[in-house]
Amino acid sequence: MPKITTFFMFDNQAEEAMKLYTSIFKNSRVVSTSPGPGGTVAGGTFILDGVEFSCYNAGAPDYFKIGMGISISVSCDTQAEIDKYWEALSAGGEKQMCGWVKDKVGVSWQIVPSILGQLLFDKDPAKAKRAIDAMLKMQKLDIQKLKDAHAGR
């Protein structure tokens with residue numbers, strides 16, 4: 001087990017989340033599961049594109065709440081990747097602003113171009129501001145529109 005692992009406490013969606021996430025990301029798999037009552041899955045460990053996560057059903061929806069204070073960021077090299085993850089992770093969930101989605105089990109994701117930091121933190125404040133202003137108007141991020149705004153086009 002790695003030294004640091006993200007751990008999700010769900011009400012009763014652990015198995016659903018593992019199946020969903022491993023179906024979306026390449027190089028992903030469920031590593032192990034813990035048996036629950038009546039043959040259900042109580043939790044488990046899974047790998048998403050080489051990163052390990054764990055989850056468990058707490059059965060306490062009022063105590064363990066998943067919120068936007070913690071999110072998983074997915075860095076995408078192409079618009080096709082952004083489109084794929086945006087649609088897959090928002091299905092049954094919620095599309096939000098600035099590249100964020102909430103999936104159907106309540107986990108927040110940031111679907112962002114790998115070039116985003118370079119655009120938003122440019123040493124030229126005018127370029128950075130144009131990129132930030134463009135991003136703030138978008139739900140799903142558009143790489144070309146961000147680049148165009150950054151360049152002043």
# chains A, B, ... in the order shown; residues from 1 in each chain; ligands from 1

$ residues_around --residues "range 91-99 of chain A" --least-positions-apart "6" --cutoff "7 Å" --atoms "only C-alpha atoms" --output "PDB file with N, CA and C atoms, in the first residue's frame"
ATOM      1  N   GLN A 110     -12.186  18.049 -11.375  1.00  0.00           N
ATOM      2  CA  GLN A 110     -11.777  19.167 -12.215  1.00  0.00           C
ATOM      3  C   GLN A 110     -11.181  18.566 -13.488  1.00  0.00           C
ATOM      4  N   ILE A 111     -11.798  18.831 -14.622  1.00  0.00           N
ATOM      5  CA  ILE A 111     -11.334  18.312 -15.905  1.00  0.00           C
ATOM      6  C   ILE A 111     -10.647  19.482 -16.603  1.00  0.00           C
ATOM      7  N   VAL A 112      -9.320  19.481 -16.585  1.00  0.00           N
ATOM      8  CA  VAL A 112      -8.565  20.668 -17.000  1.00  0.00           C
ATOM      9  C   VAL A 112      -7.491  20.331 -18.034  1.00  0.00           C
ATOM     10  N   MET A 135     -11.809  31.487 -18.833  1.00  0.00           N
ATOM     11  CA  MET A 135     -12.134  30.267 -18.091  1.00  0.00           C
ATOM     12  C   MET A 135     -13.375  30.466 -17.226  1.00  0.00           C
ATOM     13  N   LEU A 136     -13.486  31.623 -16.597  1.00  0.00           N
ATOM     14  CA  LEU A 136     -14.602  31.883 -15.691  1.00  0.00           C
ATOM     15  C   LEU A 136     -15.961  31.911 -16.394  1.00  0.00           C
ATOM     16  N   MET A 138     -16.688  29.660 -18.819  1.00  0.00           N
ATOM     17  CA  MET A 138     -16.889  28.322 -19.386  1.00  0.00           C
ATOM     18  C   MET A 138     -17.362  27.330 -18.340  1.00  0.00           C
ATOM     19  N   GLN A 139     -18.147  26.366 -18.794  1.00  0.00           N
ATOM     20  CA  GLN A 139     -18.373  25.171 -17.994  1.00  0.00           C
ATOM     21  C   GLN A 139     -17.243  24.213 -18.383  1.00  0.00           C
ATOM     22  N   LYS A 140     -17.441  23.451 -19.470  1.00  0.00           N
ATOM     23  CA  LYS A 140     -16.369  22.577 -19.956  1.00  0.00           C
ATOM     24  C   LYS A 140     -15.290  23.468 -20.558  1.00  0.00           C
ATOM     25  N   LEU A 141     -14.056  23.247 -20.159  1.00  0.00           N
ATOM     26  CA  LEU A 141     -12.971  24.088 -20.655  1.00  0.00           C
ATOM     27  C   LEU A 141     -12.626  23.744 -22.096  1.00  0.00           C
TER      28      LEU A 141
END

$ residues_around --residues "range 71-76 of chain A" --least-positions-apart "4" --cutoff "9 Å" --atoms "only C-alpha atoms" --output "NGL selection string"
:A and (67 or 80-82 or 85 or 100 or 107-116)

$ write_last_selection --atoms "N, CA and C atoms" --output "PDB file, in the first residue's frame"
ATOM      1  N   GLY A  67     -18.036  16.629  -0.457  1.00  0.00           N
ATOM      2  CA  GLY A  67     -18.328  17.978  -0.916  1.00  0.00           C
ATOM      3  C   GLY A  67     -17.254  18.500  -1.845  1.00  0.00           C
ATOM      4  N   ALA A  80     -10.117  16.294 -26.962  1.00  0.00           N
ATOM      5  CA  ALA A  80     -10.840  15.017 -26.981  1.00  0.00           C
ATOM      6  C   ALA A  80     -10.836  14.365 -25.596  1.00  0.00           C
ATOM      7  N   GLU A  81      -9.717  14.454 -24.883  1.00  0.00           N
ATOM      8  CA  GLU A  81      -9.660  13.923 -23.516  1.00  0.00           C
ATOM      9  C   GLU A  81     -10.602  14.690 -22.596  1.00  0.00           C
ATOM     10  N   ILE A  82     -10.573  16.015 -22.689  1.00  0.00           N
ATOM     11  CA  ILE A  82     -11.471  16.833 -21.871  1.00  0.00           C
ATOM     12  C   ILE A  82     -12.909  16.431 -22.141  1.00  0.00           C
ATOM     13  N   TYR A  85     -13.743  12.811 -20.565  1.00  0.00           N
ATOM     14  CA  TYR A  85     -13.878  12.769 -19.112  1.00  0.00           C
ATOM     15  C   TYR A  85     -15.029  13.640 -18.625  1.00  0.00           C
ATOM     16  N   TRP A 100     -15.331  22.011 -13.738  1.00  0.00           N
ATOM     17  CA  TRP A 100     -15.721  21.119 -12.642  1.00  0.00           C
ATOM     18  C   TRP A 100     -16.967  20.329 -13.015  1.00  0.00           C
ATOM     19  N   VAL A 107     -18.861  12.915  -6.020  1.00  0.00           N
ATOM     20  CA  VAL A 107     -17.456  13.314  -5.999  1.00  0.00           C
ATOM     21  C   VAL A 107     -17.233  14.421  -7.032  1.00  0.00           C
ATOM     22  N   SER A 108     -16.490  15.450  -6.637  1.00  0.00           N
ATOM     23  CA  SER A 108     -16.181  16.567  -7.538  1.00  0.00           C
ATOM     24  C   SER A 108     -14.869  16.317  -8.267  1.00  0.00           C
ATOM     25  N   TRP A 109     -14.879  16.642  -9.552  1.00  0.00           N
ATOM     26  CA  TRP A 109     -13.719  16.454 -10.425  1.00  0.00           C
ATOM     27  C   TRP A 109     -13.443  17.765 -11.140  1.00  0.00           C
ATOM     28  N   GLN A 110     -12.186  18.049 -11.375  1.00  0.00           N
ATOM     29  CA  GLN A 110     -11.777  19.167 -12.215  1.00  0.00           C
ATOM     30  C   GLN A 110     -11.181  18.566 -13.488  1.00  0.00           C
ATOM     31  N   ILE A 111     -11.798  18.831 -14.622  1.00  0.00           N
ATOM     32  CA  ILE A 111     -11.334  18.312 -15.905  1.00  0.00           C
ATOM     33  C   ILE A 111     -10.647  19.482 -16.603  1.00  0.00           C
ATOM     34  N   VAL A 112      -9.320  19.481 -16.585  1.00  0.00           N
ATOM     35  CA  VAL A 112      -8.565  20.668 -17.000  1.00  0.00           C
ATOM     36  C   VAL A 112      -7.491  20.331 -18.034  1.00  0.00           C
ATOM     37  N   PRO A 113      -7.223  21.283 -18.934  1.00  0.00           N
ATOM     38  CA  PRO A 113      -6.117  21.077 -19.872  1.00  0.00           C
ATOM     39  C   PRO A 113      -4.775  21.153 -19.140  1.00  0.00           C
ATOM     40  N   SER A 114      -3.845  20.330 -19.554  1.00  0.00           N
ATOM     41  CA  SER A 114      -2.519  20.320 -18.912  1.00  0.00           C
ATOM     42  C   SER A 114      -1.810  21.669 -19.065  1.00  0.00           C
ATOM     43  N   ILE A 115      -2.200  22.449 -20.045  1.00  0.00           N
ATOM     44  CA  ILE A 115      -1.586  23.757 -20.288  1.00  0.00           C
ATOM     45  C   ILE A 115      -2.199  24.861 -19.409  1.00  0.00           C
ATOM     46  N   LEU A 116      -3.221  24.554 -18.634  1.00  0.00           N
ATOM     47  CA  LEU A 116      -3.962  25.580 -17.907  1.00  0.00           C
ATOM     48  C   LEU A 116      -3.078  26.407 -16.967  1.00  0.00           C
TER      49      LEU A 116
END

$ closest_residue --among "A:Tyr63, A:Trp86, A:Phe7, A:Phe25" --to "Leu48 in chain A" --atoms "only C-alpha atoms"
A:Phe25

$ residues_around --residues "Ile66 in chain A" --least-positions-apart "2" --cutoff "12 Å" --atoms "only C-alpha atoms" --output "NGL selection string"
:A and (7-11 or 13 or 58 or 60-64 or 68-71 or 102-109)

$ select_by_dssp --residues "chain A" --states "helix (DSSP H, G or I)" --output "ChimeraX atom specification"
/A:14-24,37-39,79-90,116-120,125-136,143-151

$ closest_residue --among "A:Gly43, A:Gly117, A:Gly152, A:Pro35" --to "Glu15 in chain A" --atoms "only C-alpha atoms"
A:Gly43

$ select_by_dssp --residues "chain A" --states "strand (DSSP E or B)" --output "ChimeraX atom specification"
/A:6-10,29-35,41-48,51-57,71-76,94-95,100-102,108-113

$ write_last_selection --atoms "N, CA and C atoms" --output "compact mmCIF listing (two decimals), in the first residue's frame"
# COMPACT_ATOMS: atom_id res chain seq x y z
N THR A 6 -5.90 8.30 -1.25
CA THR A 6 -7.18 8.98 -1.09
C THR A 6 -8.22 7.94 -0.69
N PHE A 7 -9.01 8.27 0.34
CA PHE A 7 -10.00 7.34 0.87
C PHE A 7 -11.36 8.02 0.87
N PHE A 8 -12.34 7.39 0.25
CA PHE A 8 -13.71 7.90 0.19
C PHE A 8 -14.59 7.14 1.18
N MET A 9 -15.40 7.87 1.93
CA MET A 9 -16.44 7.25 2.76
C MET A 9 -17.77 7.59 2.10
N PHE A 10 -18.41 6.58 1.56
CA PHE A 10 -19.71 6.75 0.91
C PHE A 10 -20.81 6.29 1.85
N ARG A 29 -8.25 -0.53 -12.44
CA ARG A 29 -8.83 -1.81 -12.04
C ARG A 29 -9.19 -1.78 -10.56
N VAL A 30 -10.12 -2.65 -10.20
CA VAL A 30 -10.42 -2.87 -8.79
C VAL A 30 -9.37 -3.86 -8.28
N VAL A 31 -8.69 -3.50 -7.21
CA VAL A 31 -7.62 -4.34 -6.66
C VAL A 31 -8.19 -5.35 -5.68
N SER A 32 -9.07 -4.88 -4.79
CA SER A 32 -9.65 -5.77 -3.79
C SER A 32 -10.98 -5.19 -3.32
N THR A 33 -11.81 -6.07 -2.77
CA THR A 33 -13.07 -5.62 -2.20
C THR A 33 -13.26 -6.27 -0.83
N SER A 34 -14.08 -5.60 -0.02
CA SER A 34 -14.46 -6.13 1.29
C SER A 34 -15.91 -6.55 1.22
N PRO A 35 -16.23 -7.74 1.72
CA PRO A 35 -17.62 -8.20 1.66
C PRO A 35 -18.51 -7.42 2.61
N VAL A 41 -20.87 -5.43 -1.73
CA VAL A 41 -19.49 -4.99 -1.55
C VAL A 41 -19.52 -3.81 -0.58
N ALA A 42 -18.78 -3.93 0.52
CA ALA A 42 -18.75 -2.87 1.53
C ALA A 42 -17.72 -1.80 1.20
N GLY A 43 -16.71 -2.16 0.44
CA GLY A 43 -15.66 -1.21 0.10
C GLY A 43 -14.57 -1.89 -0.69
N GLY A 44 -13.49 -1.16 -0.91
CA GLY A 44 -12.39 -1.77 -1.65
C GLY A 44 -11.30 -0.79 -1.99
N THR A 45 -10.35 -1.32 -2.72
CA THR A 45 -9.22 -0.55 -3.21
C THR A 45 -9.23 -0.63 -4.73
N PHE A 46 -8.96 0.50 -5.39
CA PHE A 46 -8.95 0.51 -6.84
C PHE A 46 -7.86 1.45 -7.33
N ILE A 47 -7.44 1.23 -8.56
CA ILE A 47 -6.38 2.03 -9.19
C ILE A 47 -6.97 2.72 -10.41
N LEU A 48 -6.75 4.04 -10.50
CA LEU A 48 -7.16 4.82 -11.66
C LEU A 48 -5.91 5.37 -12.32
N VAL A 51 -2.98 5.50 -10.04
CA VAL A 51 -3.14 6.12 -8.72
C VAL A 51 -4.11 5.28 -7.89
N GLU A 52 -3.69 4.94 -6.67
CA GLU A 52 -4.51 4.10 -5.81
C GLU A 52 -5.49 4.91 -4.97
N PHE A 53 -6.70 4.39 -4.85
CA PHE A 53 -7.76 4.96 -4.03
C PHE A 53 -8.39 3.83 -3.22
N SER A 54 -9.02 4.18 -2.12
CA SER A 54 -9.79 3.22 -1.33
C SER A 54 -11.14 3.84 -1.01
N CYS A 55 -12.10 2.97 -0.74
CA CYS A 55 -13.43 3.47 -0.38
C CYS A 55 -14.13 2.46 0.50
N TYR A 56 -15.14 2.96 1.20
CA TYR A 56 -15.91 2.11 2.08
C TYR A 56 -17.30 2.70 2.26
N ASN A 57 -18.27 1.85 2.46
CA ASN A 57 -19.63 2.30 2.75
C ASN A 57 -19.77 2.52 4.25
N SER A 71 -11.46 17.79 -4.36
CA SER A 71 -11.80 17.34 -5.71
C SER A 71 -10.62 16.57 -6.28
N ILE A 72 -10.91 15.86 -7.34
CA ILE A 72 -9.86 15.14 -8.07
C ILE A 72 -9.66 15.87 -9.38
N SER A 73 -8.43 16.24 -9.66
CA SER A 73 -8.11 16.97 -10.88
C SER A 73 -7.58 16.00 -11.93
N VAL A 74 -8.13 16.10 -13.13
CA VAL A 74 -7.71 15.26 -14.25
C VAL A 74 -7.08 16.17 -15.30
N SER A 75 -5.79 16.01 -15.51
CA SER A 75 -5.04 16.81 -16.48
C SER A 75 -5.14 16.18 -17.86
N CYS A 76 -5.59 16.96 -18.83
CA CYS A 76 -5.85 16.44 -20.18
C CYS A 76 -4.98 17.17 -21.21
N GLU A 94 -23.60 16.37 -12.27
CA GLU A 94 -23.86 17.80 -12.48
C GLU A 94 -22.65 18.47 -13.14
N LYS A 95 -22.92 19.18 -14.23
CA LYS A 95 -21.89 19.97 -14.91
C LYS A 95 -21.80 21.32 -14.21
N TRP A 100 -15.33 22.01 -13.74
CA TRP A 100 -15.72 21.12 -12.64
C TRP A 100 -16.97 20.33 -13.02
N VAL A 101 -17.02 19.09 -12.55
CA VAL A 101 -18.22 18.27 -12.61
C VAL A 101 -18.37 17.55 -11.27
N LYS A 102 -19.60 17.23 -10.95
CA LYS A 102 -19.87 16.37 -9.80
C LYS A 102 -20.46 15.10 -10.37
N SER A 108 -16.49 15.45 -6.64
CA SER A 108 -16.18 16.57 -7.54
C SER A 108 -14.87 16.32 -8.27
N TRP A 109 -14.88 16.64 -9.55
CA TRP A 109 -13.72 16.45 -10.42
C TRP A 109 -13.44 17.77 -11.14
N GLN A 110 -12.19 18.05 -11.38
CA GLN A 110 -11.78 19.17 -12.22
C GLN A 110 -11.18 18.57 -13.49
N ILE A 111 -11.80 18.83 -14.62
CA ILE A 111 -11.33 18.31 -15.91
C ILE A 111 -10.65 19.48 -16.60
N VAL A 112 -9.32 19.48 -16.58
CA VAL A 112 -8.56 20.67 -17.00
C VAL A 112 -7.49 20.33 -18.03
N PRO A 113 -7.22 21.28 -18.93
CA PRO A 113 -6.12 21.08 -19.87
C PRO A 113 -4.77 21.15 -19.14

$ atom_distance --atom1 "CA of Ala88 in chain A" --atom2 "CA of Gly36 in chain A"
27.5 Å

$ atom_distance --atom1 "CA of Ser90 in chain A" --atom2 "CA of Gly50 in chain A"
21.9 Å

$ closest_atom_pairs --of "range 38-139 of chain A" --to "range 144-149 of chain A" --cutoff "8 Å" --atoms "only C-alpha atoms" --output "tab-separated table"
residue	atom	partner	partner_atom	distance
A:Leu119	CA	A:Lys147	CA	7.4
A:Lys127	CA	A:Ala149	CA	7.6
A:Arg130	CA	A:Ala149	CA	5.4
A:Ala131	CA	A:Ala149	CA	5.4
A:Ala134	CA	A:Leu146	CA	6.2
A:Met135	CA	A:Leu146	CA	6.7
